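Structure, as structure tokens:
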Amino acid sequence: MSDIGDWFRSIPAITRYWFAATVAVPLIGKLGIVSPAYFFLWPEAFLYRFQIWRPFTATFYFPVGPGTGFLYLVNLYFLYQYSTRLEAGAFDGRPADYLFMLLFNWICIVITGLAMDMQLLMIPLIMSVLYVWAQLNRDLIVSFWFGTRFKACYLPWVILGFNYIIGGSVINELIGNLVGHLYFFLMFRYPMDLGGRNFLSTPQFLYRWLPSRRGGVSGFGVPPASVRRAADQNGGGRHNWGQGFRLGDQ
């Protein structure tokens, strides 16, 4: 048990709480402590009966059973692996920025879920995080099942097909990929590579709640000075995201 506790405490804080909630809420529903009917995102119940908890519970709940247990475990593994890598990698020392990314993706997914009658939001949110990681490490060679190897930028689409084969819904994975692409484009691609306006920035209250452990409280709106100088020397002024850029490195 101490080994499990040590492993759990070693998970970055935000991923740890997300992972724990994604285990606890399905367990509560499975044990019948609370009826699973209260966990789904039903637009009528949320909008007209003011059951405001449903977007939250639908994010963490998954109906675990004989036909869905493997799909749940696989996506729980994806949550642990890629949220940990992203929080401890590109967002290392910037918990507020990572939480803001999750909140932005979650809000987009909730709005989409209400519009499209998507009752469960766990997989789309996981896929959105995996997509961002894959774009920030797009040229990294990753290994998948049966020894297959390919660039990380293809991983979200490979997993989309994999989840569909084992019983998932293409719509859930596709929405997650699209939301992840929207965040990546607005936060990184458009302002940094294309020189456009910075539409997204982490609210200051999140920095007060989760202060950065190094550097300043900004740094996602423009490339670091060293990166800008390198880009100017190379010509074109654009940053190559394909090399797995670690945000905050000076």
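Order determines the names: the first chain of the structure tokens is A, the second B, and so forth; residues in each chain are numbered 1 upward, and ligands are numbered 1 upward as they are shown.
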
Return as a PyMOL selection string the full set of residues in range 39-200 of chain A whose backbone-based DSSP assignment is helix (DSSP H, G or I).
chain A and resi 43-48+54-60+69-88+95-116+122-136+145-147+152-165+170-193

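The set of residues in range 70-239 of chain A assigned to strand (DSSP E or B) by DSSP, using only backbone atoms of this structure, is Ile141, Val142, Ser143, Arg149, Phe150 and Lys151 of chain A.
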
Selected residues written out, N, CA, C and O atoms, as a short mmCIF file (atom, residue, chain, number, x, y, z; two decimals), in the first residue's frame:
```cif
data_model
loop_
_atom_site.label_atom_id
_atom_site.label_comp_id
_atom_site.auth_asym_id
_atom_site.auth_seq_id
_atom_site.Cartn_x
_atom_site.Cartn_y
_atom_site.Cartn_z
N ILE A 141 9.08 10.43 -31.91
CA ILE A 141 8.63 9.10 -32.32
C ILE A 141 8.06 8.37 -31.10
O ILE A 141 8.73 8.25 -30.07
N VAL A 142 6.82 7.94 -31.22
CA VAL A 142 6.16 7.25 -30.12
C VAL A 142 5.88 5.81 -30.53
O VAL A 142 5.77 5.49 -31.72
N SER A 143 5.78 4.94 -29.54
CA SER A 143 5.47 3.54 -29.77
C SER A 143 4.05 3.26 -29.34
O SER A 143 3.57 3.78 -28.33
N ARG A 149 5.42 2.27 -34.60
CA ARG A 149 6.10 3.51 -34.27
C ARG A 149 5.74 4.57 -35.31
O ARG A 149 5.72 4.28 -36.51
N PHE A 150 5.47 5.77 -34.82
CA PHE A 150 5.11 6.87 -35.71
C PHE A 150 5.30 8.18 -34.96
O PHE A 150 5.55 8.19 -33.74
N LYS A 151 5.19 9.28 -35.67
CA LYS A 151 5.35 10.59 -35.06
C LYS A 151 4.17 10.89 -34.13
O LYS A 151 3.04 10.48 -34.37
#
```

Please provide the set of residues having any atom within 10 Å of range 210-213 of chain A, restricted to only C-alpha atoms, with same-chain residues fewer than 3 positions apart removed, written as a VMD selection string.
chain A and resid 91 to 97 99 204 to 207 216 to 218

List every residue of range 41-139 of chain A that has an atom at most 8 Å from any atom of range 172-182 of chain A, and for each one report the closest atom pair and its distance in Å to one decimal, counting only C-alpha atoms, with rows sorted by chain and then by increasing residue number, as JSON lines.
```
{"residue": "A:Asn105", "atom": "CA", "partner": "A:Val179", "partner_atom": "CA", "distance": 6.1}
{"residue": "A:Cys108", "atom": "CA", "partner": "A:Val179", "partner_atom": "CA", "distance": 6.7}
{"residue": "A:Ile109", "atom": "CA", "partner": "A:Val179", "partner_atom": "CA", "distance": 7.1}
{"residue": "A:Leu121", "atom": "CA", "partner": "A:Asn172", "partner_atom": "CA", "distance": 7.7}
{"residue": "A:Ile123", "atom": "CA", "partner": "A:Asn172", "partner_atom": "CA", "distance": 6.3}
{"residue": "A:Pro124", "atom": "CA", "partner": "A:Gly176", "partner_atom": "CA", "distance": 3.9}
{"residue": "A:Leu125", "atom": "CA", "partner": "A:Gly176", "partner_atom": "CA", "distance": 5.8}
{"residue": "A:Ile126", "atom": "CA", "partner": "A:Gly176", "partner_atom": "CA", "distance": 7.2}
{"residue": "A:Met127", "atom": "CA", "partner": "A:Gly176", "partner_atom": "CA", "distance": 4.8}
{"residue": "A:Ser128", "atom": "CA", "partner": "A:Gly180", "partner_atom": "CA", "distance": 4.1}
{"residue": "A:Val129", "atom": "CA", "partner": "A:Gly180", "partner_atom": "CA", "distance": 6.4}
{"residue": "A:Leu130", "atom": "CA", "partner": "A:Gly180", "partner_atom": "CA", "distance": 7.9}
{"residue": "A:Tyr131", "atom": "CA", "partner": "A:Gly180", "partner_atom": "CA", "distance": 5.5}
{"residue": "A:Val132", "atom": "CA", "partner": "A:Gly180", "partner_atom": "CA", "distance": 5.6}
```

How about saving the chosen residues, all heavy atoms kept, as a CSV table (one decimal), in the first residue's frame?
```
chain,number,residue,atom,x,y,z
A,105,ASN,N,-10.6,24.0,-22.3
A,105,ASN,CA,-11.0,22.8,-23.1
A,105,ASN,C,-12.3,22.2,-22.5
A,105,ASN,O,-13.2,21.8,-23.3
A,105,ASN,CB,-10.0,21.7,-23.0
A,105,ASN,CG,-8.7,22.0,-23.8
A,105,ASN,OD1,-8.6,23.1,-24.4
A,105,ASN,ND2,-7.7,21.2,-23.8
A,108,CYS,N,-15.4,24.4,-23.6
A,108,CYS,CA,-15.7,24.2,-25.0
A,108,CYS,C,-16.4,22.8,-25.1
A,108,CYS,O,-17.4,22.7,-25.9
A,108,CYS,CB,-14.4,24.2,-25.8
A,108,CYS,SG,-13.6,25.8,-26.0
A,109,ILE,N,-15.9,21.8,-24.4
A,109,ILE,CA,-16.5,20.5,-24.5
A,109,ILE,C,-17.9,20.5,-23.9
A,109,ILE,O,-18.9,19.8,-24.4
A,109,ILE,CB,-15.6,19.4,-23.8
A,109,ILE,CG1,-14.4,19.2,-24.7
A,109,ILE,CG2,-16.3,18.1,-23.6
A,109,ILE,CD1,-13.3,18.4,-24.0
A,121,LEU,N,-18.4,13.2,-20.8
A,121,LEU,CA,-17.4,14.1,-21.3
A,121,LEU,C,-16.0,13.7,-20.9
A,121,LEU,O,-15.0,14.4,-21.2
A,121,LEU,CB,-17.6,15.5,-20.7
A,121,LEU,CG,-19.0,16.1,-20.9
A,121,LEU,CD1,-19.1,17.5,-20.3
A,121,LEU,CD2,-19.4,16.2,-22.4
A,123,ILE,N,-14.0,11.2,-22.0
A,123,ILE,CA,-13.0,10.9,-23.1
A,123,ILE,C,-12.7,12.1,-23.9
A,123,ILE,O,-11.5,12.3,-24.3
A,123,ILE,CB,-13.6,9.8,-24.0
A,123,ILE,CG1,-13.6,8.4,-23.3
A,123,ILE,CG2,-12.9,9.6,-25.4
A,123,ILE,CD1,-14.2,7.3,-24.0
A,124,PRO,N,-13.7,13.0,-24.3
A,124,PRO,CA,-13.3,14.2,-25.0
A,124,PRO,C,-12.2,15.1,-24.3
A,124,PRO,O,-11.3,15.6,-24.9
A,124,PRO,CB,-14.6,15.0,-25.2
A,124,PRO,CG,-15.6,13.9,-25.1
A,124,PRO,CD,-15.1,12.9,-24.2
A,125,LEU,N,-12.4,15.2,-23.0
A,125,LEU,CA,-11.4,16.0,-22.3
A,125,LEU,C,-10.0,15.4,-22.3
A,125,LEU,O,-9.0,16.1,-22.4
A,125,LEU,CB,-11.8,16.3,-20.8
A,125,LEU,CG,-11.0,17.3,-20.0
A,125,LEU,CD1,-10.9,18.6,-20.7
A,125,LEU,CD2,-11.5,17.4,-18.6
A,126,ILE,N,-10.0,14.1,-22.1
A,126,ILE,CA,-8.7,13.4,-22.1
A,126,ILE,C,-8.1,13.5,-23.5
A,126,ILE,O,-6.9,13.8,-23.6
A,126,ILE,CB,-8.9,11.9,-21.8
A,126,ILE,CG1,-9.3,11.7,-20.3
A,126,ILE,CG2,-7.6,11.1,-22.0
A,126,ILE,CD1,-9.7,10.3,-19.9
A,127,MET,N,-8.8,13.3,-24.5
A,127,MET,CA,-8.3,13.4,-25.9
A,127,MET,C,-7.8,14.9,-26.2
A,127,MET,O,-6.9,15.0,-27.0
A,127,MET,CB,-9.4,13.0,-26.9
A,127,MET,CG,-9.7,11.5,-26.9
A,127,MET,SD,-8.3,10.5,-27.3
A,127,MET,CE,-7.9,11.1,-29.0
A,128,SER,N,-8.5,15.9,-25.7
A,128,SER,CA,-8.0,17.3,-25.9
A,128,SER,C,-6.6,17.5,-25.3
A,128,SER,O,-5.8,18.2,-25.9
A,128,SER,CB,-9.0,18.3,-25.3
A,128,SER,OG,-9.0,18.3,-23.9
A,129,VAL,N,-6.4,16.9,-24.1
A,129,VAL,CA,-5.1,17.1,-23.5
A,129,VAL,C,-4.0,16.3,-24.3
A,129,VAL,O,-2.9,16.7,-24.6
A,129,VAL,CB,-5.1,16.6,-22.1
A,129,VAL,CG1,-3.7,16.5,-21.5
A,129,VAL,CG2,-6.0,17.6,-21.2
A,130,LEU,N,-4.4,15.1,-24.7
A,130,LEU,CA,-3.5,14.2,-25.5
A,130,LEU,C,-3.1,15.0,-26.8
A,130,LEU,O,-2.0,14.9,-27.3
A,130,LEU,CB,-4.1,12.9,-25.8
A,130,LEU,CG,-3.3,11.8,-26.4
A,130,LEU,CD1,-3.7,10.4,-25.9
A,130,LEU,CD2,-3.3,11.9,-27.9
A,131,TYR,N,-4.1,15.6,-27.4
A,131,TYR,CA,-3.9,16.3,-28.7
A,131,TYR,C,-2.8,17.5,-28.5
A,131,TYR,O,-1.9,17.6,-29.3
A,131,TYR,CB,-5.2,16.9,-29.2
A,131,TYR,CG,-5.0,17.5,-30.6
A,131,TYR,CD1,-5.2,16.8,-31.8
A,131,TYR,CD2,-4.6,18.9,-30.7
A,131,TYR,CE1,-5.0,17.4,-33.0
A,131,TYR,CE2,-4.5,19.5,-32.0
A,131,TYR,CZ,-4.7,18.7,-33.1
A,131,TYR,OH,-4.5,19.3,-34.3
A,132,VAL,N,-3.0,18.2,-27.4
A,132,VAL,CA,-2.1,19.3,-27.2
A,132,VAL,C,-0.7,18.8,-27.0
A,132,VAL,O,0.3,19.3,-27.5
A,132,VAL,CB,-2.5,20.1,-25.9
A,132,VAL,CG1,-1.5,21.2,-25.6
A,132,VAL,CG2,-3.8,20.8,-26.2
```

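Nearest to Val110 in chain A of all the residues A:Leu71, A:Trp133, A:Leu41, A:Ile166 is A:Leu41, based on only C-alpha atoms.
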
For a test of reading the model, state the distance in Å between CA of Ala24 in chain A and CA of Phe60 in chain A, rounded to one decimal.
8.3 Å

Could you tell me which of A:Leu136, A:Leu103, A:Ile28, A:Leu79 comes closest to Thr202 in chain A if we count only C-alpha atoms?
A:Leu103

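Distances here use only C-alpha atoms; by that measure, the residue among A:Leu155, A:Ile11, A:Ala21, A:Met118 closest to Pro55 in chain A is A:Met118.
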
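Ranking A:Thr148, A:Pro156, A:Arg138, A:Phe100 by their shortest atom-to-atom distance to Pro203 in chain A, with only C-alpha atoms included, puts A:Phe100 first.
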
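Taking CA of Met187 in chain A and CA of Val170 in chain A as endpoints, the distance between them is 25.6 Å.
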
So that I can check the surroundings of Gly69 in chain A, please list as a ChimeraX atom specification every protein, DNA and RNA residue that reaches within 12 Å of it, counting only C-alpha atoms and ignoring chain neighbours fewer than 5 positions away.
/A:26-27,30,62-64,74-76,166-168

With C-alpha atoms retained, could you export that selection as a compact mmCIF listing (two decimals), in the first residue's frame?
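Below is the file that was written, out.txt:
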```txt
# COMPACT_ATOMS: atom_id res chain seq x y z
CA PRO A 26 -17.45 5.85 -11.48
CA LEU A 27 -16.86 3.81 -8.31
CA LYS A 30 -20.93 1.38 -9.56
CA PHE A 62 -17.95 6.60 -17.01
CA PRO A 63 -20.34 3.63 -16.85
CA VAL A 64 -17.95 0.79 -16.07
CA VAL A 74 -7.39 2.41 -21.52
CA ASN A 75 -8.56 6.02 -21.36
CA LEU A 76 -7.68 6.23 -17.67
CA ILE A 166 -12.64 -1.36 -28.68
CA GLY A 167 -16.08 0.16 -28.31
CA GLY A 168 -15.77 3.93 -28.19
```

Please, what distance in Å, to one decimal, runs between CA of Leu114 in chain A and CA of Leu47 in chain A?
9.2 Å
